[in-house]
Structures are given as C-alpha cells and as structure tokens.
file coords_13.tsv (TSV, C-alpha atoms and all ligand atoms)
chain	number	residue	atom	x	y	z
A	1	MET	CA	-0.29	4.11	-16.49
A	2	THR	CA	1.39	0.80	-16.08
A	3	ALA	CA	0.21	-2.48	-14.69
A	4	SER	CA	3.48	-4.27	-14.51
A	5	GLY	CA	5.05	-6.70	-12.15
A	6	MET	CA	3.06	-9.86	-12.79
A	7	GLY	CA	5.30	-12.45	-11.25
A	8	ARG	CA	8.42	-10.65	-12.29
A	9	ARG	CA	11.58	-10.91	-10.26
A	10	ILE	CA	14.59	-8.71	-10.42
A	11	THR	CA	18.08	-10.12	-10.30
A	12	THR	CA	20.39	-9.80	-7.35
A	13	VAL	CA	22.64	-7.43	-9.24
A	14	ALA	CA	19.69	-5.26	-10.23
A	15	ALA	CA	18.42	-5.34	-6.67
A	16	VAL	CA	21.74	-4.03	-5.36
A	17	ALA	CA	21.69	-1.28	-7.97
A	18	VAL	CA	18.18	-0.12	-7.21
A	19	LEU	CA	18.72	-0.45	-3.49
A	20	GLY	CA	21.63	1.93	-3.77
A	21	LEU	CA	19.48	4.30	-5.74
A	22	GLY	CA	16.60	4.05	-3.32
A	23	ALA	CA	18.83	4.68	-0.34
A	24	SER	CA	20.47	7.72	-1.85
A	25	MET	CA	17.12	9.13	-2.93
A	26	THR	CA	15.61	8.62	0.48
A	27	ALA	CA	18.68	10.01	2.16
A	28	ALA	CA	17.68	13.40	0.84
A	29	VAL	CA	14.60	13.20	3.03
A	30	PRO	CA	15.95	12.44	6.52
A	31	ALA	CA	12.63	13.46	8.10
A	32	ALA	CA	11.32	10.00	7.15
A	33	ALA	CA	13.01	8.58	10.23
A	34	ALA	CA	10.52	9.42	12.93
A	35	PRO	CA	10.78	8.82	16.64
A	36	ARG	CA	8.82	5.85	17.92
A	37	ALA	CA	8.45	6.97	21.49
A	38	ALA	CA	5.73	9.39	22.44
A	39	ALA	CA	3.10	9.76	25.09
A	40	VAL	CA	0.51	7.01	24.96
A	41	GLY	CA	-2.84	8.32	23.92
A	42	ALA	CA	-1.42	11.43	22.32
A	43	ALA	CA	-4.03	12.81	20.00
A	44	THR	CA	-1.97	15.26	18.01
A	45	ALA	CA	-0.41	14.11	14.77
A	46	ALA	CA	3.15	15.01	15.69
A	47	GLU	CA	3.13	12.73	18.71
A	48	VAL	CA	1.44	9.57	17.50
A	49	ASP	CA	3.44	6.64	18.81
A	50	TYR	CA	4.04	3.35	17.09
A	51	ALA	CA	1.88	1.22	19.38
A	52	THR	CA	-1.09	3.55	19.04
A	53	TRP	CA	-0.73	3.54	15.29
A	54	GLN	CA	-0.59	-0.24	15.13
A	55	ALA	CA	-3.70	-0.53	17.32
A	56	ASP	CA	-5.60	2.04	15.25
A	57	VAL	CA	-4.73	0.22	12.03
A	58	LYS	CA	-5.74	-3.13	13.48
A	59	THR	CA	-9.15	-1.73	14.46
A	60	VAL	CA	-9.89	-0.92	10.82
A	61	ILE	CA	-8.41	-4.10	9.37
A	62	ASP	CA	-10.46	-6.12	11.85
A	63	THR	CA	-13.58	-4.83	10.07
A	64	ALA	CA	-12.19	-5.54	6.60
A	65	THR	CA	-11.32	-9.18	7.22
A	66	PRO	CA	-14.87	-10.46	7.97
A	67	TYR	CA	-16.11	-8.36	5.08
A	68	ILE	CA	-13.72	-10.15	2.71
A	69	GLN	CA	-14.85	-13.47	4.12
A	70	GLN	CA	-18.50	-12.60	3.51
A	71	ARG	CA	-17.93	-10.98	0.09
A	72	THR	CA	-15.98	-13.98	-1.22
A	73	ALA	CA	-18.46	-16.57	0.04
A	74	ASN	CA	-20.54	-16.54	-3.14
A	75	ALA	CA	-18.29	-15.03	-5.76
A	76	SER	CA	-18.31	-17.84	-8.29
A	77	GLY	CA	-17.30	-16.66	-11.72
A	78	GLN	CA	-16.28	-13.20	-10.56
A	79	LYS	CA	-12.74	-11.89	-10.76
A	80	LEU	CA	-12.35	-10.09	-7.46
A	81	ALA	CA	-9.59	-7.71	-6.50
A	82	ILE	CA	-8.42	-5.75	-3.47
A	83	VAL	CA	-6.40	-2.56	-3.82
A	84	PHE	CA	-3.87	-1.31	-1.29
A	85	ASP	CA	-1.94	1.92	-0.94
A	86	ILE	CA	1.70	1.26	-0.01
A	87	ASP	CA	3.25	3.88	2.29
A	88	ASN	CA	1.85	3.60	5.80
A	89	THR	CA	-0.85	1.24	4.56
A	90	THR	CA	1.10	-1.90	3.66
A	91	LEU	CA	4.64	-0.82	4.61
A	92	GLU	CA	5.66	0.99	7.81
A	93	SER	CA	7.31	3.78	5.87
A	94	HIS	CA	6.94	6.56	8.40
A	95	TYR	CA	8.25	4.60	11.36
A	96	ALA	CA	11.11	2.80	9.61
A	97	PRO	CA	14.47	4.50	9.28
A	98	TRP	CA	15.31	5.26	5.66
A	99	TYR	CA	18.35	2.97	5.66
A	100	GLN	CA	16.32	-0.04	6.74
A	101	LEU	CA	15.45	-2.07	3.65
A	102	PRO	CA	13.20	-3.78	3.15
A	103	THR	CA	10.75	-1.51	4.91
A	104	PRO	CA	8.79	-3.76	7.27
A	105	ALA	CA	5.24	-4.81	6.48
A	106	MET	CA	2.33	-3.49	8.47
A	107	LYS	CA	1.31	-6.74	10.11
A	108	SER	CA	-2.46	-6.24	10.03
A	109	SER	CA	-2.47	-5.27	6.36
A	110	LEU	CA	-0.17	-8.15	5.45
A	111	ALA	CA	-2.53	-10.58	7.15
A	112	LEU	CA	-5.48	-9.08	5.26
A	113	ALA	CA	-3.66	-9.29	1.91
A	114	LYS	CA	-2.71	-12.91	2.49
A	115	TYR	CA	-6.22	-13.76	3.62
A	116	ALA	CA	-7.79	-12.08	0.59
A	117	LYS	CA	-5.39	-13.96	-1.69
A	118	SER	CA	-6.32	-17.23	0.01
A	119	ARG	CA	-9.96	-16.43	-0.79
A	120	GLY	CA	-9.20	-15.99	-4.50
A	121	VAL	CA	-8.95	-12.21	-4.48
A	122	ALA	CA	-6.21	-10.66	-6.62
A	123	VAL	CA	-4.01	-8.22	-4.71
A	124	PHE	CA	-3.14	-4.92	-6.37
A	125	PHE	CA	-1.06	-2.01	-5.15
A	126	VAL	CA	-1.57	1.58	-6.28
A	127	THR	CA	1.07	4.00	-5.07
A	128	ALA	CA	2.05	7.58	-5.76
A	129	ARG	CA	5.67	6.47	-5.69
A	130	PRO	CA	7.40	7.36	-8.96
A	131	GLY	CA	8.15	4.71	-11.56
A	132	ILE	CA	11.90	5.06	-11.01
A	133	ILE	CA	11.60	3.05	-7.79
A	134	GLU	CA	9.10	0.52	-9.13
A	135	SER	CA	11.56	-2.39	-8.99
A	136	VAL	CA	12.68	-1.77	-5.42
A	137	THR	CA	9.07	-1.26	-4.37
A	138	GLU	CA	7.97	-4.58	-5.83
A	139	TRP	CA	11.03	-6.26	-4.34
A	140	ASN	CA	10.16	-4.78	-0.94
A	141	LEU	CA	6.54	-5.90	-1.05
A	142	GLU	CA	7.41	-9.46	-2.06
A	143	THR	CA	10.34	-9.75	0.33
A	144	VAL	CA	8.18	-8.94	3.34
A	145	GLY	CA	5.56	-11.43	2.19
A	146	TYR	CA	2.93	-9.68	0.11
A	147	PRO	CA	1.29	-11.44	-2.83
A	148	VAL	CA	1.61	-8.98	-5.74
A	149	ASP	CA	-0.76	-9.46	-8.66
A	150	GLY	CA	-0.22	-5.94	-9.94
A	151	LEU	CA	1.61	-2.74	-9.03
A	152	TYR	CA	0.74	0.74	-10.26
A	153	VAL	CA	3.36	3.46	-9.91
A	154	ARG	CA	3.27	7.00	-11.23
A	155	ASP	CA	4.90	7.53	-14.58
A	156	LEU	CA	4.84	10.59	-16.75
A	157	PRO	CA	2.32	12.13	-17.26
A	158	ASP	CA	0.79	10.74	-14.07
A	159	LEU	CA	3.25	12.78	-12.00
A	160	PHE	CA	1.44	15.91	-13.14
A	161	ALA	CA	-2.01	14.62	-12.25
A	162	GLU	CA	-3.74	14.92	-8.92
A	163	VAL	CA	-2.83	11.90	-6.81
A	164	SER	CA	-6.50	11.07	-6.30
A	165	ALA	CA	-7.19	11.26	-10.05
A	166	TYR	CA	-4.22	9.01	-10.82
A	167	LYS	CA	-5.30	6.49	-8.20
A	168	THR	CA	-8.91	6.51	-9.38
A	169	ALA	CA	-7.79	5.98	-12.98
A	170	SER	CA	-5.60	3.08	-11.84
A	171	ARG	CA	-8.59	1.36	-10.24
A	172	ALA	CA	-10.62	1.94	-13.40
A	173	ASP	CA	-7.78	0.28	-15.32
A	174	ILE	CA	-7.94	-2.75	-13.01
A	175	GLU	CA	-11.68	-2.94	-13.64
A	176	SER	CA	-11.07	-2.78	-17.38
A	177	ASP	CA	-9.24	-6.10	-17.00
A	178	GLY	CA	-12.47	-7.65	-15.74
A	179	TYR	CA	-11.94	-7.29	-12.00
A	180	THR	CA	-14.50	-6.19	-9.45
A	181	ILE	CA	-12.68	-4.25	-6.74
A	182	VAL	CA	-14.30	-5.36	-3.51
A	183	ALA	CA	-12.13	-3.28	-1.19
A	184	ASN	CA	-9.78	-0.31	-1.38
A	185	VAL	CA	-7.48	0.17	1.60
A	186	GLY	CA	-5.51	3.36	2.17
A	187	ASN	CA	-4.47	5.83	4.82
A	188	ASN	CA	-5.03	9.07	2.93
A	189	THR	CA	-8.25	10.47	1.53
A	190	THR	CA	-6.56	10.70	-1.87
A	191	ASP	CA	-6.26	6.91	-1.84
A	192	LEU	CA	-9.97	6.41	-1.43
A	193	VAL	CA	-12.01	9.11	-3.16
A	194	GLY	CA	-13.33	8.64	-6.69
A	195	GLY	CA	-15.19	5.36	-6.31
A	196	HIS	CA	-14.27	2.27	-8.35
A	197	ALA	CA	-14.41	0.04	-5.26
A	198	GLU	CA	-17.30	-1.54	-3.40
A	199	ARG	CA	-15.90	-0.63	0.00
A	200	ALA	CA	-13.19	1.73	1.19
A	201	PHE	CA	-11.23	1.17	4.39
A	202	LYS	CA	-9.54	4.26	5.79
A	203	LEU	CA	-6.47	3.77	7.95
A	204	PRO	CA	-5.23	6.68	10.07
A	205	ASP	CA	-3.05	9.40	8.62
A	206	TYR	CA	-3.26	11.62	11.72
A	207	ASP	CA	-4.17	14.77	9.83
A	208	GLY	CA	-1.63	14.20	7.10
A	209	LEU	CA	1.34	13.16	9.24
A	210	LEU	CA	1.59	9.81	7.46
A	211	ASP	CA	1.99	9.72	3.66
B	1	MG	MG	-0.11	6.15	2.26
call {"tool": "encode", "arguments": {"input": "coords_13.tsv", "output": "structure tokens", "more": "lines below"}}
Ligand SMILES: [Mg+2]
result
Amino acid sequence: MTASGMGRRITTVAAVAVLGLGASMTAAVPAAAAPRAAAVGAATAAEVDYATWQADVKTVIDTATPYIQQRTANASGQKLAIVFDIDNTTLESHYAPWYQLPTPAMKSSLALAKYAKSRGVAVFFVTARPGIIESVTEWNLETVGYPVDGLYVRDLPDLFAEVSAYKTASRADIESDGYTIVANVGNNTTDLVGGHAERAFKLPDYDGLLD
C-alpha cells in the first residue's frame, strides 16, 4: 500500500518514457477504444452513448456537490477528504482512444474535485491500476486539472487481493492519517463497498461495461 505523490512532479524525460510504456501497454487492449455513437436512450450496456453517460454522471455529481457544501460548512478542526476512483469516474477511460494522452477528465467529476478542494477537502484517488503506471497516472490527473493530495495504486501484494478489499484498506489508510472521508465516488460497486466513508456516490457502470 502506498500513499505517494504528494506534490511530486515527474521530469519531461521521465514523462516521455512512461508515456511510451503506457501506450504500448494499452495497445495490447485495443477494445478500450469504444464507439461514441449509439442510439440515444439505449438501455443496454453495449450501446451506451457518450452523451447519455455524461448526463447520467452529472445527475449523480449534482447531488454530491451540495452535500460537500453542507458537510464543509461547519468542519472546523476536522481534516476532511474525498476519495475518487479513476477510470470512468475521474477520467474518460472507456470513451477515449488508447493513444490519446492525457485521457480527458470527466467534467462533472473534475468540477466536484476542484470544488471540494476549494472547501478545504483533501482529494485522494484510489485506483486498481498497477503501480507500474503510477507516474503516468498522476501526470494525467494533474495535467487535466485535478488537485492530487494522494494517489493509491495497486502494488504487490495488493494485486492478489480483491479489488474491493484493496480499496477499502486504502481508505482505512487515509483515515489513519487523521482524515474523515466525507465522500467516496466511484463507478463500480467494488469502489464503494466496505465502508470507511460517510457517503458513497455511485456513477454508472452499465452492468460492468465501464471499468
Ligand atoms: Mg472505474
């Protein structure tokens, strides 16, 4: 379990190196480039179109934003944190072609992260992505505008644990640093089960279509 990335920046040379690595790794999974066009209102996972997805995400984030406003109104002396999943929660991984780096931010989630930060809430990311792409992941988040107070990636032996157990343990680790996690935002059930957050906000995964 690592909680790295506090204000760290990677060099241009390192960025080029890891970008090359990330591209070649992702190239092995061409299915990541999904079609954007589909019938509006399609209910089945295989046909969810980009505009529907954006609208569905915004509906959830629109409930989280006033909650953050209310929860931070009288938080004197408390260290508050918000936790985000990355793929298809904060970055548009499914709908961005693999060769497009940085992967674009999900606009609603980016606005929520920036708003929470402006209200004194530390912004943490907990992802099932492996540690080998930690640098490019942090670079991606920061390049598209996210405040990054902490980033958890899966290292050995986390790769052998259930994703939900790893993510729950990561939130417990954040709490062990004195934070109260006021919100946990993710698009898969494995992001959200296990507690260690006052509120959970579930974005759509369309029956597992979106990581
Ligand atoms: Mg996800």
call {"tool": "closest_atom_pairs", "arguments": {"input": "coords_13.tsv", "of": "region 151-171 of chain A", "to": "region 104-123 of chain A", "cutoff": "12 Å", "atoms": "only C-alpha atoms", "output": "Markdown table"}}
result
| residue | atom | partner | partner_atom | distance |
| --- | --- | --- | --- | --- |
| A:Leu151 | CA | A:Val123 | CA | 9.0 |
| A:Tyr152 | CA | A:Val123 | CA | 11.6 |
| A:Arg171 | CA | A:Val123 | CA | 12.0 |
call {"tool": "residues_around", "arguments": {"input": "coords_13.tsv", "residues": "Leu80 (chain A)", "least_positions_apart": "3", "cutoff": "12 Å", "atoms": "only C-alpha atoms", "output": "MDAnalysis selection string"}}
result
chainID A and resid 68 71:77 83 116:124 149 174:175 177:184 197:198
call {"tool": "write_last_selection", "arguments": {"input": "coords_13.tsv", "atoms": "C-alpha atoms", "output": "PDB file, in the coordinates of the input"}}
result
ATOM      1  CA  ILE A  68     -13.720 -10.150   2.710  1.00  0.00           C
ATOM      2  CA  ARG A  71     -17.930 -10.980   0.090  1.00  0.00           C
ATOM      3  CA  THR A  72     -15.980 -13.980  -1.220  1.00  0.00           C
ATOM      4  CA  ALA A  73     -18.460 -16.570   0.040  1.00  0.00           C
ATOM      5  CA  ASN A  74     -20.540 -16.540  -3.140  1.00  0.00           C
ATOM      6  CA  ALA A  75     -18.290 -15.030  -5.760  1.00  0.00           C
ATOM      7  CA  SER A  76     -18.310 -17.840  -8.290  1.00  0.00           C
ATOM      8  CA  GLY A  77     -17.300 -16.660 -11.720  1.00  0.00           C
ATOM      9  CA  VAL A  83      -6.400  -2.560  -3.820  1.00  0.00           C
ATOM     10  CA  ALA A 116      -7.790 -12.080   0.590  1.00  0.00           C
ATOM     11  CA  LYS A 117      -5.390 -13.960  -1.690  1.00  0.00           C
ATOM     12  CA  SER A 118      -6.320 -17.230   0.010  1.00  0.00           C
ATOM     13  CA  ARG A 119      -9.960 -16.430  -0.790  1.00  0.00           C
ATOM     14  CA  GLY A 120      -9.200 -15.990  -4.500  1.00  0.00           C
ATOM     15  CA  VAL A 121      -8.950 -12.210  -4.480  1.00  0.00           C
ATOM     16  CA  ALA A 122      -6.210 -10.660  -6.620  1.00  0.00           C
ATOM     17  CA  VAL A 123      -4.010  -8.220  -4.710  1.00  0.00           C
ATOM     18  CA  PHE A 124      -3.140  -4.920  -6.370  1.00  0.00           C
ATOM     19  CA  ASP A 149      -0.760  -9.460  -8.660  1.00  0.00           C
ATOM     20  CA  ILE A 174      -7.940  -2.750 -13.010  1.00  0.00           C
ATOM     21  CA  GLU A 175     -11.680  -2.940 -13.640  1.00  0.00           C
ATOM     22  CA  ASP A 177      -9.240  -6.100 -17.000  1.00  0.00           C
ATOM     23  CA  GLY A 178     -12.470  -7.650 -15.740  1.00  0.00           C
ATOM     24  CA  TYR A 179     -11.940  -7.290 -12.000  1.00  0.00           C
ATOM     25  CA  THR A 180     -14.500  -6.190  -9.450  1.00  0.00           C
ATOM     26  CA  ILE A 181     -12.680  -4.250  -6.740  1.00  0.00           C
ATOM     27  CA  VAL A 182     -14.300  -5.360  -3.510  1.00  0.00           C
ATOM     28  CA  ALA A 183     -12.130  -3.280  -1.190  1.00  0.00           C
ATOM     29  CA  ASN A 184      -9.780  -0.310  -1.380  1.00  0.00           C
ATOM     30  CA  ALA A 197     -14.410   0.040  -5.260  1.00  0.00           C
ATOM     31  CA  GLU A 198     -17.300  -1.540  -3.400  1.00  0.00           C
TER      32      GLU A 198
END
call {"tool": "closest_residue", "arguments": {"input": "coords_13.tsv", "among": "A:Ala169, A:Ala64, A:Val126, A:Val148", "to": "ligand MG 1 (chain B)", "atoms": "only C-alpha atoms and all ligand atoms"}}
result
A:Val126
call {"tool": "closest_residue", "arguments": {"input": "coords_13.tsv", "among": "A:Val163, A:Ala55, A:Leu91, A:Ile133", "to": "Gly145 (chain A)", "atoms": "all atoms listed in the file"}}
result
A:Leu91
call {"tool": "residues_near_ligand", "arguments": {"input": "coords_13.tsv", "ligand": "ligand MG 1 (chain B)", "cutoff": "7 Å", "atoms": "all atoms listed in the file", "output": "list in words"}}
result
Asp85, Ile86, Asp87, Asn88, Thr89, Gly186, Asn187, Asn188, Leu210 and Asp211 of chain A
call {"tool": "residues_around", "arguments": {"input": "coords_13.tsv", "residues": "Asp158 (chain A)", "least_positions_apart": "4", "cutoff": "12 Å", "atoms": "all atoms listed in the file", "output": "mmCIF file with C-alpha atoms, keeping the file's coordinate frame"}}
result
data_model
loop_
_atom_site.group_PDB
_atom_site.id
_atom_site.type_symbol
_atom_site.label_atom_id
_atom_site.label_comp_id
_atom_site.auth_asym_id
_atom_site.auth_seq_id
_atom_site.Cartn_x
_atom_site.Cartn_y
_atom_site.Cartn_z
ATOM 1 C CA MET A 1 -0.290 4.110 -16.490
ATOM 2 C CA THR A 2 1.390 0.800 -16.080
ATOM 3 C CA THR A 127 1.070 4.000 -5.070
ATOM 4 C CA ALA A 128 2.050 7.580 -5.760
ATOM 5 C CA ARG A 129 5.670 6.470 -5.690
ATOM 6 C CA PRO A 130 7.400 7.360 -8.960
ATOM 7 C CA GLY A 131 8.150 4.710 -11.560
ATOM 8 C CA TYR A 152 0.740 0.740 -10.260
ATOM 9 C CA VAL A 153 3.360 3.460 -9.910
ATOM 10 C CA ARG A 154 3.270 7.000 -11.230
ATOM 11 C CA GLU A 162 -3.740 14.920 -8.920
ATOM 12 C CA VAL A 163 -2.830 11.900 -6.810
ATOM 13 C CA SER A 164 -6.500 11.070 -6.300
ATOM 14 C CA ALA A 165 -7.190 11.260 -10.050
ATOM 15 C CA TYR A 166 -4.220 9.010 -10.820
ATOM 16 C CA LYS A 167 -5.300 6.490 -8.200
ATOM 17 C CA THR A 168 -8.910 6.510 -9.380
ATOM 18 C CA ALA A 169 -7.790 5.980 -12.980
ATOM 19 C CA SER A 170 -5.600 3.080 -11.840
#
call {"tool": "atom_distance", "arguments": {"input": "coords_13.tsv", "atom1": "CA of Ser135 (chain A)", "atom2": "CA of Glu92 (chain A)"}}
result
18.1 Å
call {"tool": "atom_distance", "arguments": {"input": "coords_13.tsv", "atom1": "CA of Tyr95 (chain A)", "atom2": "CA of Trp53 (chain A)"}}
result
9.9 Å
call {"tool": "closest_residue", "arguments": {"input": "coords_13.tsv", "among": "A:Thr189, A:Trp139, A:Gly195, A:Leu101", "to": "Ala172 (chain A)", "atoms": "only C-alpha atoms"}}
result
A:Gly195
call {"tool": "closest_residue", "arguments": {"input": "coords_13.tsv", "among": "A:Ala96, A:Leu203, A:Val193, A:Val185", "to": "Asp56 (chain A)", "atoms": "only C-alpha atoms"}}
result
A:Leu203
call {"tool": "axis_aligned_box", "arguments": {"input": "coords_13.tsv", "around": "region 180-193 of chain A", "padding_each_side": "8 Å", "output": "AutoDock Vina command-line options"}}
result
--center_x -9.5 --center_y 2.3 --center_z -2.3 --size_x 26.0 --size_y 32.9 --size_z 30.3
call {"tool": "closest_residue", "arguments": {"input": "coords_13.tsv", "among": "A:Gln69, A:Gln78, A:Thr90, A:Gln100", "to": "Val57 (chain A)", "atoms": "only C-alpha atoms"}}
result
A:Thr90
call {"tool": "atom_distance", "arguments": {"input": "coords_13.tsv", "atom1": "CA of Phe125 (chain A)", "atom2": "CA of Phe84 (chain A)"}}
result
4.8 Å
